[in-house]
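Trainee: See target-v5.txt below, with compact mmCIF, C-alpha atoms.
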```txt
# COMPACT_ATOMS: atom_id res chain seq x y z
CA MET A 1418 34.72 42.59 7.07
CA LYS A 1419 34.48 40.22 4.09
CA ASN A 1420 37.66 38.40 5.18
CA LEU A 1421 36.38 38.14 8.75
CA PHE A 1422 33.18 36.51 7.44
CA LYS A 1423 35.19 33.98 5.37
CA LEU A 1424 37.36 33.17 8.39
CA LEU A 1425 34.27 32.67 10.56
CA VAL A 1426 32.71 30.33 7.95
CA LEU A 1427 35.94 28.28 7.74
CA ILE A 1428 36.14 27.96 11.54
CA ILE A 1429 32.52 26.77 11.70
CA LEU A 1430 33.11 24.25 8.90
CA PHE A 1431 36.22 22.75 10.47
CA THR A 1432 34.81 22.53 13.98
CA GLY A 1433 31.52 21.12 12.65
CA CYS A 1434 33.38 18.36 10.75
CA SER A 1435 35.42 17.19 13.69
CA SER A 1436 36.33 13.51 13.68
CA ASP A 1437 35.75 13.35 17.43
CA ASP A 1438 32.09 12.40 17.13
CA ASP A 1439 30.87 9.60 19.38
CA SER A 1440 29.08 7.60 16.68
CA ASN A 1441 31.85 4.98 16.65
CA GLU A 1442 31.05 3.96 20.22
CA ILE A 1443 28.13 1.90 18.92
CA LEU A 1444 30.43 -0.08 16.62
CA ASP A 1445 32.89 -0.78 19.45
CA THR A 1446 30.18 -2.31 21.63
CA PRO A 1447 29.57 -6.02 21.10
CA PRO A 1448 26.10 -6.87 19.85
CA PRO A 1449 23.66 -7.92 22.58
CA PHE A 1450 22.75 -11.11 20.68
CA SER A 1451 25.14 -13.56 19.11
CA ILE A 1452 24.53 -16.01 16.31
CA ILE A 1453 26.60 -18.52 18.28
CA ASN A 1454 23.79 -20.46 19.88
CA THR A 1455 21.24 -23.20 19.27
CA TRP A 1456 18.28 -22.06 17.19
CA VAL A 1457 14.93 -23.80 16.70
CA VAL A 1458 12.31 -23.20 14.04
CA ASP A 1459 9.45 -20.85 14.88
CA SER A 1460 7.88 -20.70 11.42
CA GLN A 1461 8.53 -22.01 7.91
CA VAL A 1462 7.52 -20.64 4.50
CA ASP A 1463 7.79 -22.66 1.27
CA GLY A 1464 7.07 -20.98 -2.05
CA GLY A 1465 5.38 -18.04 -0.35
CA GLU A 1466 3.06 -20.28 1.66
CA GLU A 1467 3.43 -20.69 5.42
CA ILE A 1468 3.82 -24.34 6.39
CA ALA A 1469 2.14 -25.46 9.59
CA LEU A 1470 4.62 -26.85 12.07
CA ASN A 1471 3.93 -30.41 13.15
CA ASP A 1472 5.56 -32.93 15.50
CA CYS A 1473 8.28 -33.53 12.90
CA ASN A 1474 9.27 -30.27 11.17
CA SER A 1475 9.03 -28.37 14.48
CA LYS A 1476 12.24 -30.20 15.56
CA TYR A 1477 14.34 -28.37 12.94
CA SER A 1478 17.36 -26.82 14.65
CA MET A 1479 20.70 -25.14 13.97
CA GLU A 1480 23.62 -25.26 16.36
CA VAL A 1481 25.96 -22.43 15.39
CA ARG A 1482 29.41 -22.69 16.98
CA GLY A 1483 32.20 -20.17 17.50
CA ASP A 1484 34.63 -22.14 15.31
CA ASN A 1485 32.55 -21.16 12.25
CA THR A 1486 30.87 -24.56 11.98
CA CYS A 1487 27.19 -25.31 12.23
CA THR A 1488 25.07 -28.45 12.58
CA VAL A 1489 21.66 -28.34 10.93
CA ASN A 1490 19.07 -30.94 11.90
CA ARG A 1491 16.19 -31.07 9.43
CA TYR A 1492 13.29 -33.39 10.15
CA LEU A 1493 11.02 -34.65 7.39
CA LYS A 1494 8.37 -37.34 7.26
CA ASN A 1495 9.10 -40.27 4.98
CA GLY A 1496 6.50 -42.24 2.97
CA GLU A 1497 5.50 -44.26 6.04
CA GLY A 1498 4.97 -41.12 8.11
CA ASP A 1499 8.11 -41.61 10.23
CA CYS A 1500 10.02 -38.49 11.22
CA ILE A 1501 13.54 -38.77 9.78
CA ASN A 1502 16.47 -36.57 10.84
CA TYR A 1503 18.72 -35.26 8.07
CA THR A 1504 21.85 -33.77 9.63
CA SER A 1505 24.18 -31.49 7.70
CA GLU A 1506 27.49 -30.02 8.81
CA LEU A 1507 28.02 -26.50 7.50
CA LYS A 1508 30.62 -23.79 7.66
CA TRP A 1509 29.48 -20.24 8.28
CA LYS A 1510 30.85 -16.71 7.99
CA GLN A 1511 29.56 -13.21 8.47
CA ASN A 1512 29.55 -11.12 5.29
CA ASN A 1513 30.61 -7.47 5.13
CA ASP A 1514 26.94 -6.46 5.08
CA GLY A 1515 26.35 -8.16 8.45
CA GLN A 1516 24.43 -11.10 7.00
CA PHE A 1517 25.51 -14.69 7.49
CA HIS A 1518 26.36 -17.31 4.89
CA PHE A 1519 26.15 -21.06 5.63
CA GLU A 1520 27.39 -23.75 3.25
CA SER A 1521 28.14 -27.47 3.19
CA ASP A 1522 31.54 -28.59 1.91
CA ASP A 1523 29.97 -30.14 -1.18
CA GLY A 1524 27.94 -26.99 -1.97
CA TYR A 1525 24.67 -28.98 -1.98
CA PHE A 1526 23.26 -27.14 1.00
CA HIS A 1527 23.63 -23.42 1.58
CA ALA A 1528 21.72 -20.68 3.34
CA GLU A 1529 21.73 -16.97 3.98
CA GLY A 1530 20.72 -15.53 7.31
CA ILE A 1531 20.25 -12.29 9.15
CA LEU A 1532 20.15 -11.85 12.91
CA ILE A 1533 17.70 -9.25 14.21
CA GLU A 1534 18.01 -9.08 17.96
CA ASP A 1535 17.16 -12.59 19.20
CA VAL A 1536 15.59 -13.86 15.95
CA LEU A 1537 17.53 -15.51 13.11
CA PHE A 1538 15.87 -15.37 9.68
CA VAL A 1539 17.25 -18.00 7.31
CA ILE A 1540 16.71 -18.72 3.62
CA LEU A 1541 17.80 -22.27 2.89
CA PHE A 1542 18.72 -23.34 -0.66
CA TYR A 1543 19.01 -26.95 -1.83
CA GLU A 1544 17.89 -29.02 -4.82
CA ASN A 1545 16.94 -25.83 -6.72
CA GLU A 1546 14.41 -25.03 -4.00
CA PHE A 1547 14.41 -22.59 -1.14
CA ARG A 1548 12.69 -22.34 2.19
CA ARG A 1549 12.47 -19.47 4.62
CA TYR A 1550 12.68 -20.02 8.35
CA LYS A 1551 12.26 -17.86 11.38
CA MET A 1552 14.52 -19.29 14.08
CA VAL A 1553 14.42 -18.44 17.78
CA LEU A 1554 16.74 -19.25 20.65
CA ASN A 1555 16.36 -22.72 22.07
```
Transcribe the structure of this file into structure tokens.
Mentor:
Amino acid sequence: MKNLFKLLVLIILFTGCSSDDDSNEILDTPPPFSIINTWVVDSQVDGGEEIALNDCNSKYSMEVRGDNTCTVNRYLKNGEGDCINYTSELKWKQNNDGQFHFESDDGYFHAEGILIEDVLFVILFYENEFRRYKMVLN
């Protein structure tokens, strides 16, 4: 009887640990949203303080392409109040943790991002400063 019990326990363990579970189906399905798109700013936070979007900084955009390049258009007002476009060309990759890394060739400009459904959250680093952006599809 004792051996029959051990055999029954072993059978339950091996059938319960089958590698035929369907959890991998989720990984084989492409994500419903892709980072490859044009993104526009929805909100901006500097130093923990939300920055009101105006006619200039609301034009900020990122065009992420399938060849792992990205064009970032930042708009800032100069001393005369004119809205000036600062364009940067970046390369991007997806990290093992699913987050995205963006960087200019000279290393001056880099960012980290995470895509949650149809919203791209980006932390931008340059000149020893960082800004956080919430980007939405254009």
Trainee: Choose the residue, out of A:Met1552, A:Cys1487, A:Val1536, A:Cys1500, that has the smallest atom-to-atom separation from Asp1522 (chain A); count all atoms listed in the file.
Mentor: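 Of the candidates, the smallest distance to Asp1522 (chain A) is held by A:Cys1487.
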Trainee: Separation of CA of Phe1450 (chain A) and CA of Thr1486 (chain A), in Å?
Mentor: 18.0 Å
Trainee: For Thr1504 (chain A), which of A:His1518, A:Arg1491, A:Arg1482, A:Arg1549 is the closest residue, counting all atoms listed in the file?
Mentor: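 Answer, going by the shortest atom-to-atom distance: A:Arg1491.
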Trainee: As an exercise, work out the distance from CA of Glu1544 (chain A) to CA of Asn1471 (chain A) in Å and give it to one decimal place.
Mentor: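 Between these atoms lies a distance of 22.8 Å.
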Trainee: Quick one: distance from CA of Asn1495 (chain A) to CA of His1527 (chain A) in Å, one decimal?
Mentor: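 Going from CA of Asn1495 (chain A) over to CA of His1527 (chain A), I get 22.5 Å.
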